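Data block below; observations after.
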Amino acid sequence: VPLTDMHYSNYTLFLVAEDTNGNSVKTKAHFRVRIRGVNFDVQNMDEAVKQLVYLASDRQIKEMITGSEEEKTVKFKQFWTALDPTPGTVENELMEEYYRRVAFSIEAFTAVQEGWKSDRGMIYILFGPPDEIQRGPFELDRKPYQVWEYYHVGKQFIFRDHTGFGDYRLDQSYLEQNDWRFRY
């Protein structure tokens, strides 16, 4: 297998073995080529760069998304190297935690849009798991809601599901404080 020609992606290896009597067996195995120093949850470099919207400026994202796959990977790694809390180690703990939160947001909050783009995904990626979640069910005079408490940073976020389809949006009062630049 010419590994030097393989790029950062998912692959399937098919193997057929045949004996001298013509009997054969077939099998396949799925594997992913991973670039050292890039989080294992990153499966697509363009998507991984777009998911940096909560950490990187628009200019940085546009710069990282241009060029060949190799150039994008180099820029991506340079971005994370600058943010590495422990530069002397192989792992970049901040990148690992960031993409762990992105992966969780995709799994837990995808409804109308991808979970990492949702308001709950944004808050989860930025602040991590809340210390407490209070839930209010659907009632005739009230839409479902969730209150996320972050005691360690003194913040509370209220999400309301105005559609009834699990698309919880951050309460408008927070958005009016001009503290949130992330809207999809």
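Identifiers for the structure tokens are assigned positionally: chains receive A, B, ... in sequence, residues are indexed from 1 per chain, and ligands are indexed from 1 in the order shown.
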
Report task. Give the strand (DSSP E or B) residues of chain A, as DSSP finds them on the backbone, and put them as a ChimeraX atom specification. Result -> /A:10-18,24-32,132-136,139,142,145-150,155-160,169-170

**Report entry** Residue neighbourhood Arg160 of chain A, 9 Å, only C-alpha atoms, exclusion window fewer than 5 positions, as a ChimeraX atom specification
**Finding:** /A:143-147,167-171

Using N, CA, C and O atoms, can you write the selected residues to a file as a PDB file, in the first residue's frame?
ATOM      1  N   LYS A 143     -43.164  27.583  26.195  1.00  0.00           N
ATOM      2  CA  LYS A 143     -42.337  26.713  25.352  1.00  0.00           C
ATOM      3  C   LYS A 143     -41.300  26.005  26.216  1.00  0.00           C
ATOM      4  O   LYS A 143     -40.918  26.502  27.272  1.00  0.00           O
ATOM      5  N   PRO A 144     -40.790  24.848  25.761  1.00  0.00           N
ATOM      6  CA  PRO A 144     -39.719  24.175  26.520  1.00  0.00           C
ATOM      7  C   PRO A 144     -38.496  25.084  26.650  1.00  0.00           C
ATOM      8  O   PRO A 144     -38.197  25.876  25.759  1.00  0.00           O
ATOM      9  N   TYR A 145     -37.811  24.959  27.759  1.00  0.00           N
ATOM     10  CA  TYR A 145     -36.628  25.773  27.983  1.00  0.00           C
ATOM     11  C   TYR A 145     -35.602  24.984  28.787  1.00  0.00           C
ATOM     12  O   TYR A 145     -35.910  23.963  29.395  1.00  0.00           O
ATOM     13  N   GLN A 146     -34.380  25.475  28.751  1.00  0.00           N
ATOM     14  CA  GLN A 146     -33.299  24.932  29.567  1.00  0.00           C
ATOM     15  C   GLN A 146     -32.524  26.108  30.148  1.00  0.00           C
ATOM     16  O   GLN A 146     -32.287  27.104  29.459  1.00  0.00           O
ATOM     17  N   VAL A 147     -32.139  25.969  31.399  1.00  0.00           N
ATOM     18  CA  VAL A 147     -31.292  26.959  32.052  1.00  0.00           C
ATOM     19  C   VAL A 147     -29.981  26.265  32.392  1.00  0.00           C
ATOM     20  O   VAL A 147     -29.973  25.287  33.132  1.00  0.00           O
ATOM     21  N   ASP A 167     -34.851  22.802  18.694  1.00  0.00           N
ATOM     22  CA  ASP A 167     -33.954  23.869  18.255  1.00  0.00           C
ATOM     23  C   ASP A 167     -33.914  24.953  19.331  1.00  0.00           C
ATOM     24  O   ASP A 167     -34.527  26.005  19.193  1.00  0.00           O
ATOM     25  N   TYR A 168     -33.203  24.677  20.401  1.00  0.00           N
ATOM     26  CA  TYR A 168     -33.113  25.610  21.519  1.00  0.00           C
ATOM     27  C   TYR A 168     -32.227  26.786  21.140  1.00  0.00           C
ATOM     28  O   TYR A 168     -31.100  26.602  20.715  1.00  0.00           O
ATOM     29  N   ARG A 169     -32.761  27.993  21.309  1.00  0.00           N
ATOM     30  CA  ARG A 169     -32.030  29.215  20.996  1.00  0.00           C
ATOM     31  C   ARG A 169     -31.730  29.977  22.280  1.00  0.00           C
ATOM     32  O   ARG A 169     -32.543  30.011  23.198  1.00  0.00           O
ATOM     33  N   LEU A 170     -30.582  30.601  22.292  1.00  0.00           N
ATOM     34  CA  LEU A 170     -30.182  31.415  23.427  1.00  0.00           C
ATOM     35  C   LEU A 170     -31.174  32.549  23.603  1.00  0.00           C
ATOM     36  O   LEU A 170     -31.582  33.191  22.632  1.00  0.00           O
ATOM     37  N   ASP A 171     -31.582  32.792  24.832  1.00  0.00           N
ATOM     38  CA  ASP A 171     -32.544  33.838  25.142  1.00  0.00           C
ATOM     39  C   ASP A 171     -32.061  35.170  24.593  1.00  0.00           C
ATOM     40  O   ASP A 171     -30.882  35.508  24.711  1.00  0.00           O
TER      41      ASP A 171
END

Query - Atomic separation - atom CA of Gln172 of chain A relative to atom CA of Ile61 of chain A, Å - result: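 Distance between the two atoms: 27.1 Å.
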
Query - Separation of atom CA of Val53 of chain A from atom CA of Gly67 of chain A in Å - result: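 Distance reported for this atom pair: 18.9 Å.
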
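Going from atom CA of Ala108 of chain A over to atom CA of Val153 of chain A, you cover 22.9 Å.
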
Query - Residue nearest Ser118 of chain A - candidates A:Ile106, A:Leu140, A:Val25, A:Val16, atoms counted: only C-alpha atoms - result: A:Ile106

As a short mmCIF file (atom, residue, chain, number, x, y, z; two decimals) with all heavy atoms, in the first residue's frame, which residues of segment 56-124 of chain A does DSSP assign to helix (DSSP H, G or I)?
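File produced: selection-v9.cif:
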data_model
loop_
_atom_site.label_atom_id
_atom_site.label_comp_id
_atom_site.auth_asym_id
_atom_site.auth_seq_id
_atom_site.Cartn_x
_atom_site.Cartn_y
_atom_site.Cartn_z
N ASP A 58 -12.36 35.82 11.58
CA ASP A 58 -12.78 35.49 10.21
C ASP A 58 -11.57 35.49 9.27
O ASP A 58 -11.46 34.65 8.38
CB ASP A 58 -13.82 36.50 9.70
CG ASP A 58 -15.15 36.38 10.43
OD1 ASP A 58 -15.41 35.32 11.04
OD2 ASP A 58 -15.93 37.35 10.39
N ARG A 59 -10.65 36.43 9.48
CA ARG A 59 -9.45 36.50 8.64
C ARG A 59 -8.59 35.25 8.79
O ARG A 59 -8.10 34.69 7.81
CB ARG A 59 -8.64 37.76 9.01
CG ARG A 59 -7.40 37.97 8.14
CD ARG A 59 -6.55 39.15 8.62
NE ARG A 59 -6.15 39.07 10.01
CZ ARG A 59 -5.17 38.28 10.48
NH1 ARG A 59 -4.52 37.48 9.68
NH2 ARG A 59 -4.86 38.29 11.77
N GLN A 60 -8.41 34.79 10.04
CA GLN A 60 -7.62 33.58 10.27
C GLN A 60 -8.27 32.36 9.60
O GLN A 60 -7.57 31.54 9.01
CB GLN A 60 -7.47 33.32 11.77
CG GLN A 60 -6.55 34.28 12.48
CD GLN A 60 -6.57 34.06 13.98
OE1 GLN A 60 -7.62 34.10 14.61
NE2 GLN A 60 -5.39 33.84 14.55
N ILE A 61 -9.57 32.26 9.70
CA ILE A 61 -10.29 31.12 9.10
C ILE A 61 -10.14 31.15 7.59
O ILE A 61 -9.84 30.12 6.97
CB ILE A 61 -11.76 31.11 9.54
CG1 ILE A 61 -11.84 30.74 11.03
CG2 ILE A 61 -12.58 30.14 8.70
CD1 ILE A 61 -13.21 30.87 11.65
N LYS A 62 -10.33 32.32 6.98
CA LYS A 62 -10.19 32.43 5.51
C LYS A 62 -8.78 32.05 5.07
O LYS A 62 -8.59 31.41 4.04
CB LYS A 62 -10.54 33.84 5.05
CG LYS A 62 -12.02 34.11 5.07
CD LYS A 62 -12.34 35.55 4.67
CE LYS A 62 -13.83 35.81 4.85
NZ LYS A 62 -14.17 37.22 4.67
N GLU A 63 -7.79 32.46 5.84
CA GLU A 63 -6.40 32.14 5.51
C GLU A 63 -6.15 30.63 5.62
O GLU A 63 -5.50 30.04 4.76
CB GLU A 63 -5.45 32.92 6.43
CG GLU A 63 -3.99 32.56 6.27
CD GLU A 63 -3.43 32.82 4.88
OE1 GLU A 63 -3.92 33.71 4.17
OE2 GLU A 63 -2.49 32.10 4.49
N MET A 64 -6.64 30.01 6.67
CA MET A 64 -6.40 28.58 6.88
C MET A 64 -7.11 27.70 5.86
O MET A 64 -6.68 26.60 5.59
CB MET A 64 -6.85 28.16 8.28
CG MET A 64 -5.84 28.46 9.35
SD MET A 64 -6.29 27.71 10.93
CE MET A 64 -7.34 28.98 11.60
N GLU A 69 -4.34 20.68 0.48
CA GLU A 69 -4.60 20.00 1.76
C GLU A 69 -3.38 20.08 2.68
O GLU A 69 -3.51 20.27 3.88
CB GLU A 69 -4.99 18.53 1.53
CG GLU A 69 -6.39 18.34 0.98
CD GLU A 69 -7.47 18.91 1.90
OE1 GLU A 69 -7.44 18.63 3.12
OE2 GLU A 69 -8.34 19.64 1.41
N GLU A 70 -2.21 19.92 2.10
CA GLU A 70 -0.98 20.00 2.91
C GLU A 70 -0.79 21.39 3.50
O GLU A 70 -0.43 21.54 4.67
CB GLU A 70 0.23 19.59 2.07
CG GLU A 70 0.26 18.12 1.74
CD GLU A 70 1.43 17.74 0.84
OE1 GLU A 70 2.47 18.43 0.89
OE2 GLU A 70 1.29 16.77 0.10
N GLU A 71 -1.06 22.43 2.69
CA GLU A 71 -0.92 23.81 3.17
C GLU A 71 -1.94 24.10 4.27
O GLU A 71 -1.62 24.75 5.27
CB GLU A 71 -1.08 24.80 2.02
CG GLU A 71 0.06 24.75 1.02
CD GLU A 71 -0.23 25.53 -0.25
OE1 GLU A 71 -1.41 25.66 -0.63
OE2 GLU A 71 0.74 26.00 -0.88
N LYS A 72 -3.16 23.63 4.08
CA LYS A 72 -4.20 23.82 5.10
C LYS A 72 -3.80 23.16 6.40
O LYS A 72 -3.97 23.73 7.48
CB LYS A 72 -5.53 23.24 4.62
CG LYS A 72 -6.18 23.97 3.49
CD LYS A 72 -7.44 23.24 3.06
CE LYS A 72 -7.98 23.76 1.77
NZ LYS A 72 -9.18 23.03 1.34
N THR A 73 -3.26 21.96 6.30
CA THR A 73 -2.84 21.23 7.50
C THR A 73 -1.73 21.96 8.22
O THR A 73 -1.74 22.07 9.45
CB THR A 73 -2.40 19.80 7.12
OG1 THR A 73 -3.50 19.14 6.46
CG2 THR A 73 -2.00 19.01 8.34
N VAL A 74 -0.76 22.50 7.48
CA VAL A 74 0.34 23.24 8.09
C VAL A 74 -0.20 24.47 8.82
O VAL A 74 0.15 24.73 9.97
CB VAL A 74 1.39 23.64 7.03
CG1 VAL A 74 2.38 24.66 7.58
CG2 VAL A 74 2.12 22.40 6.53
N LYS A 75 -1.09 25.22 8.18
CA LYS A 75 -1.66 26.42 8.80
C LYS A 75 -2.49 26.05 10.04
O LYS A 75 -2.44 26.75 11.05
CB LYS A 75 -2.53 27.17 7.80
CG LYS A 75 -1.77 27.77 6.64
CD LYS A 75 -2.75 28.36 5.64
CE LYS A 75 -2.13 28.54 4.28
NZ LYS A 75 -3.12 28.98 3.29
N PHE A 76 -3.24 24.97 9.94
CA PHE A 76 -4.06 24.48 11.05
C PHE A 76 -3.17 24.14 12.24
O PHE A 76 -3.44 24.55 13.37
CB PHE A 76 -4.85 23.25 10.59
CG PHE A 76 -5.76 22.65 11.61
CD1 PHE A 76 -7.00 23.21 11.87
CD2 PHE A 76 -5.38 21.52 12.31
CE1 PHE A 76 -7.86 22.63 12.80
CE2 PHE A 76 -6.22 20.94 13.24
CZ PHE A 76 -7.47 21.50 13.49
N LYS A 77 -2.09 23.41 11.98
CA LYS A 77 -1.18 23.03 13.05
C LYS A 77 -0.48 24.25 13.65
O LYS A 77 -0.27 24.33 14.86
CB LYS A 77 -0.17 22.00 12.54
CG LYS A 77 -0.81 20.63 12.29
CD LYS A 77 0.12 19.67 11.59
CE LYS A 77 1.16 19.11 12.51
NZ LYS A 77 1.96 18.05 11.88
N GLN A 78 -0.13 25.22 12.82
CA GLN A 78 0.50 26.45 13.32
C GLN A 78 -0.46 27.21 14.23
O GLN A 78 -0.05 27.75 15.26
CB GLN A 78 0.94 27.34 12.15
CG GLN A 78 2.14 26.81 11.42
CD GLN A 78 2.45 27.60 10.15
OE1 GLN A 78 1.61 28.32 9.61
NE2 GLN A 78 3.68 27.44 9.66
N PHE A 79 -1.73 27.28 13.83
CA PHE A 79 -2.73 27.95 14.66
C PHE A 79 -2.78 27.32 16.04
O PHE A 79 -2.74 28.00 17.06
CB PHE A 79 -4.11 27.88 13.98
CG PHE A 79 -5.22 28.41 14.83
CD1 PHE A 79 -5.50 29.76 14.86
CD2 PHE A 79 -6.00 27.55 15.61
CE1 PHE A 79 -6.53 30.27 15.66
CE2 PHE A 79 -7.03 28.04 16.40
CZ PHE A 79 -7.29 29.41 16.43
N TRP A 80 -2.87 25.98 16.08
CA TRP A 80 -2.98 25.29 17.36
C TRP A 80 -1.67 25.31 18.14
O TRP A 80 -1.69 25.34 19.37
CB TRP A 80 -3.49 23.87 17.17
CG TRP A 80 -4.97 23.88 16.97
CD1 TRP A 80 -5.67 23.65 15.81
CD2 TRP A 80 -5.96 24.15 17.97
NE1 TRP A 80 -7.01 23.77 16.04
CE2 TRP A 80 -7.22 24.08 17.35
CE3 TRP A 80 -5.90 24.48 19.32
CZ2 TRP A 80 -8.41 24.30 18.05
CZ3 TRP A 80 -7.09 24.69 20.01
CH2 TRP A 80 -8.32 24.61 19.37
N THR A 81 -0.54 25.32 17.47
CA THR A 81 0.75 25.40 18.16
C THR A 81 0.84 26.69 18.96
O THR A 81 1.33 26.70 20.08
CB THR A 81 1.91 25.29 17.15
OG1 THR A 81 1.84 24.02 16.50
CG2 THR A 81 3.25 25.44 17.83
N ALA A 82 0.33 27.78 18.38
CA ALA A 82 0.37 29.07 19.07
C ALA A 82 -0.50 29.07 20.32
O ALA A 82 -0.25 29.84 21.25
CB ALA A 82 -0.08 30.17 18.11
N LEU A 83 -1.51 28.22 20.37
CA LEU A 83 -2.43 28.17 21.52
C LEU A 83 -2.11 27.03 22.49
O LEU A 83 -2.80 26.89 23.50
CB LEU A 83 -3.87 28.00 21.03
CG LEU A 83 -4.46 29.12 20.20
CD1 LEU A 83 -5.85 28.76 19.73
CD2 LEU A 83 -4.48 30.42 20.98
N GLU A 93 -3.39 19.83 24.50
CA GLU A 93 -4.55 19.57 25.35
C GLU A 93 -5.74 20.48 25.00
O GLU A 93 -6.88 20.04 25.04
CB GLU A 93 -4.19 19.73 26.83
CG GLU A 93 -3.13 18.76 27.32
CD GLU A 93 -1.70 19.17 26.99
OE1 GLU A 93 -1.49 20.28 26.46
OE2 GLU A 93 -0.79 18.36 27.25
N LEU A 94 -5.45 21.72 24.63
CA LEU A 94 -6.52 22.64 24.28
C LEU A 94 -7.24 22.18 23.00
O LEU A 94 -8.47 22.16 22.94
CB LEU A 94 -5.99 24.06 24.11
CG LEU A 94 -7.03 25.12 23.76
CD1 LEU A 94 -8.09 25.24 24.86
CD2 LEU A 94 -6.36 26.47 23.53
N MET A 95 -6.47 21.77 22.00
CA MET A 95 -7.08 21.28 20.76
C MET A 95 -7.88 20.02 21.02
O MET A 95 -8.99 19.87 20.50
CB MET A 95 -6.01 21.00 19.69
CG MET A 95 -6.63 20.43 18.40
SD MET A 95 -5.48 20.18 17.02
CE MET A 95 -4.22 19.18 17.72
N GLU A 96 -7.33 19.12 21.82
CA GLU A 96 -8.04 17.87 22.13
C GLU A 96 -9.38 18.17 22.81
O GLU A 96 -10.41 17.60 22.45
CB GLU A 96 -7.19 16.98 23.02
CG GLU A 96 -5.92 16.45 22.36
CD GLU A 96 -6.19 15.55 21.17
OE1 GLU A 96 -7.14 14.75 21.22
OE2 GLU A 96 -5.45 15.66 20.17
N GLU A 97 -9.38 19.07 23.78
CA GLU A 97 -10.61 19.41 24.50
C GLU A 97 -11.59 20.14 23.59
O GLU A 97 -12.79 19.89 23.62
CB GLU A 97 -10.30 20.26 25.73
CG GLU A 97 -11.51 20.69 26.52
CD GLU A 97 -12.32 19.54 27.12
OE1 GLU A 97 -11.82 18.40 27.19
OE2 GLU A 97 -13.47 19.80 27.53
N TYR A 98 -11.09 21.04 22.76
CA TYR A 98 -11.95 21.80 21.86
C TYR A 98 -12.71 20.85 20.92
O TYR A 98 -13.93 20.92 20.81
CB TYR A 98 -11.12 22.80 21.05
CG TYR A 98 -11.96 23.77 20.25
CD1 TYR A 98 -12.51 24.90 20.86
CD2 TYR A 98 -12.21 23.56 18.91
CE1 TYR A 98 -13.29 25.79 20.14
CE2 TYR A 98 -12.99 24.45 18.18
CZ TYR A 98 -13.53 25.56 18.80
OH TYR A 98 -14.31 26.43 18.08
N TYR A 99 -11.98 19.95 20.26
CA TYR A 99 -12.64 19.06 19.30
C TYR A 99 -13.44 17.95 19.99
O TYR A 99 -14.38 17.42 19.41
CB TYR A 99 -11.65 18.52 18.26
CG TYR A 99 -11.36 19.61 17.25
CD1 TYR A 99 -10.17 20.30 17.29
CD2 TYR A 99 -12.31 19.98 16.32
CE1 TYR A 99 -9.92 21.33 16.40
CE2 TYR A 99 -12.07 20.99 15.42
CZ TYR A 99 -10.88 21.67 15.46
OH TYR A 99 -10.65 22.70 14.59
N ARG A 100 -13.12 17.65 21.23
CA ARG A 100 -13.98 16.74 22.01
C ARG A 100 -15.33 17.41 22.24
O ARG A 100 -16.38 16.81 22.09
CB ARG A 100 -13.32 16.37 23.34
CG ARG A 100 -14.09 15.30 24.12
CD ARG A 100 -13.61 15.18 25.56
NE ARG A 100 -13.87 16.36 26.36
CZ ARG A 100 -15.09 16.77 26.76
NH1 ARG A 100 -16.15 16.10 26.45
NH2 ARG A 100 -15.21 17.86 27.50
N ARG A 101 -15.30 18.69 22.56
CA ARG A 101 -16.54 19.44 22.77
C ARG A 101 -17.32 19.61 21.46
O ARG A 101 -18.55 19.55 21.46
CB ARG A 101 -16.24 20.82 23.38
CG ARG A 101 -15.75 20.73 24.81
CD ARG A 101 -15.47 22.11 25.36
NE ARG A 101 -14.90 22.05 26.71
CZ ARG A 101 -14.62 23.12 27.43
NH1 ARG A 101 -14.86 24.33 26.96
NH2 ARG A 101 -14.10 22.99 28.64
N VAL A 102 -16.62 19.84 20.37
CA VAL A 102 -17.29 19.94 19.06
C VAL A 102 -17.99 18.62 18.75
O VAL A 102 -19.16 18.60 18.35
CB VAL A 102 -16.28 20.31 17.94
CG1 VAL A 102 -16.90 20.12 16.56
CG2 VAL A 102 -15.80 21.75 18.11
N ALA A 103 -17.28 17.50 18.93
CA ALA A 103 -17.86 16.18 18.66
C ALA A 103 -19.08 15.93 19.54
O ALA A 103 -20.11 15.42 19.07
CB ALA A 103 -16.83 15.08 18.85
N PHE A 104 -18.99 16.28 20.82
CA PHE A 104 -20.13 16.10 21.71
C PHE A 104 -21.31 16.97 21.27
O PHE A 104 -22.45 16.52 21.26
CB PHE A 104 -19.75 16.44 23.16
CG PHE A 104 -20.92 16.29 24.10
CD1 PHE A 104 -21.23 15.05 24.64
CD2 PHE A 104 -21.72 17.38 24.43
CE1 PHE A 104 -22.31 14.90 25.50
CE2 PHE A 104 -22.81 17.25 25.27
CZ PHE A 104 -23.11 16.00 25.81
N SER A 105 -21.03 18.20 20.86
CA SER A 105 -22.09 19.11 20.42
C SER A 105 -22.80 18.57 19.18
O SER A 105 -24.02 18.70 19.06
CB SER A 105 -21.51 20.50 20.12
OG SER A 105 -21.03 21.07 21.30
N ILE A 106 -22.05 17.99 18.28
CA ILE A 106 -22.66 17.40 17.08
C ILE A 106 -23.60 16.26 17.48
O ILE A 106 -24.72 16.16 16.99
CB ILE A 106 -21.58 16.92 16.09
CG1 ILE A 106 -20.84 18.12 15.50
CG2 ILE A 106 -22.18 16.05 14.99
CD1 ILE A 106 -19.59 17.78 14.73
N GLU A 107 -23.15 15.44 18.39
CA GLU A 107 -23.94 14.29 18.83
C GLU A 107 -25.16 14.71 19.66
O GLU A 107 -26.25 14.20 19.47
CB GLU A 107 -23.06 13.35 19.66
CG GLU A 107 -23.81 12.22 20.28
CD GLU A 107 -23.34 10.88 19.81
OE1 GLU A 107 -22.41 10.81 19.00
OE2 GLU A 107 -23.93 9.92 20.25
N ALA A 108 -24.98 15.66 20.56
CA ALA A 108 -26.04 15.98 21.52
C ALA A 108 -27.00 17.06 21.06
O ALA A 108 -28.16 17.05 21.47
CB ALA A 108 -25.40 16.40 22.86
N PHE A 109 -26.57 18.00 20.23
CA PHE A 109 -27.40 19.17 19.96
C PHE A 109 -27.84 19.32 18.51
O PHE A 109 -28.46 20.32 18.16
CB PHE A 109 -26.66 20.45 20.39
CG PHE A 109 -26.17 20.42 21.80
CD1 PHE A 109 -24.86 20.73 22.10
CD2 PHE A 109 -27.01 20.05 22.85
CE1 PHE A 109 -24.38 20.71 23.41
CE2 PHE A 109 -26.55 20.01 24.16
CZ PHE A 109 -25.24 20.34 24.44
N GLY A 115 -25.02 20.43 15.40
CA GLY A 115 -24.93 20.78 16.81
C GLY A 115 -23.88 21.79 17.16
O GLY A 115 -24.07 22.63 18.04
N TRP A 116 -22.73 21.78 16.48
CA TRP A 116 -21.67 22.75 16.81
C TRP A 116 -22.06 24.16 16.38
O TRP A 116 -21.51 25.13 16.89
CB TRP A 116 -20.32 22.34 16.23
CG TRP A 116 -20.21 22.43 14.74
CD1 TRP A 116 -20.49 21.45 13.83
CD2 TRP A 116 -19.75 23.55 13.98
NE1 TRP A 116 -20.26 21.90 12.56
CE2 TRP A 116 -19.80 23.19 12.62
CE3 TRP A 116 -19.32 24.83 14.31
CZ2 TRP A 116 -19.43 24.05 11.60
CZ3 TRP A 116 -18.95 25.70 13.29
CH2 TRP A 116 -19.00 25.30 11.95
N LYS A 117 -23.03 24.30 15.48
CA LYS A 117 -23.49 25.60 15.03
C LYS A 117 -24.65 26.12 15.87
O LYS A 117 -25.04 27.27 15.74
CB LYS A 117 -23.94 25.54 13.57
CG LYS A 117 -22.83 25.29 12.59
CD LYS A 117 -23.39 25.26 11.19
CE LYS A 117 -22.32 25.01 10.16
NZ LYS A 117 -22.87 24.98 8.79
N ASP A 119 -26.89 27.24 19.29
CA ASP A 119 -26.58 28.08 20.45
C ASP A 119 -26.08 27.24 21.62
O ASP A 119 -25.12 27.61 22.29
CB ASP A 119 -27.81 28.89 20.87
CG ASP A 119 -28.12 30.01 19.90
OD1 ASP A 119 -27.34 30.24 18.95
OD2 ASP A 119 -29.16 30.66 20.08
N ARG A 120 -26.72 26.09 21.86
CA ARG A 120 -26.24 25.23 22.95
C ARG A 120 -24.85 24.70 22.64
O ARG A 120 -23.99 24.60 23.52
CB ARG A 120 -27.21 24.07 23.21
CG ARG A 120 -28.51 24.53 23.83
CD ARG A 120 -29.41 23.38 24.20
NE ARG A 120 -29.78 22.62 23.00
CZ ARG A 120 -30.37 21.45 23.01
NH1 ARG A 120 -30.69 20.87 24.17
NH2 ARG A 120 -30.69 20.82 21.90
N GLY A 121 -24.61 24.35 21.37
CA GLY A 121 -23.28 23.90 20.97
C GLY A 121 -22.22 24.96 21.19
O GLY A 121 -21.13 24.68 21.69
N MET A 122 -22.54 26.21 20.82
CA MET A 122 -21.60 27.31 21.02
C MET A 122 -21.23 27.45 22.49
O MET A 122 -20.05 27.52 22.84
CB MET A 122 -22.21 28.62 20.51
CG MET A 122 -21.38 29.85 20.84
SD MET A 122 -22.14 31.41 20.35
CE MET A 122 -23.60 31.46 21.38
N ILE A 123 -22.24 27.48 23.35
CA ILE A 123 -21.98 27.66 24.78
C ILE A 123 -21.22 26.46 25.34
O ILE A 123 -20.27 26.62 26.11
CB ILE A 123 -23.30 27.90 25.56
CG1 ILE A 123 -23.97 29.19 25.09
CG2 ILE A 123 -23.05 27.92 27.06
CD1 ILE A 123 -23.15 30.45 25.25
N TYR A 124 -21.59 25.26 24.90
CA TYR A 124 -20.89 24.06 25.38
C TYR A 124 -19.43 24.08 24.95
O TYR A 124 -18.53 23.76 25.73
CB TYR A 124 -21.59 22.79 24.88
CG TYR A 124 -20.99 21.55 25.46
CD1 TYR A 124 -21.46 21.05 26.66
CD2 TYR A 124 -19.93 20.89 24.85
CE1 TYR A 124 -20.90 19.92 27.24
CE2 TYR A 124 -19.35 19.77 25.41
CZ TYR A 124 -19.85 19.29 26.60
OH TYR A 124 -19.28 18.18 27.18
#

Query raised in the report: For Gly136 of chain A, which of A:Thr163, A:Glu114, A:His152, A:Ile158 is the closest residue, counting only C-alpha atoms?
Result: A:Ile158
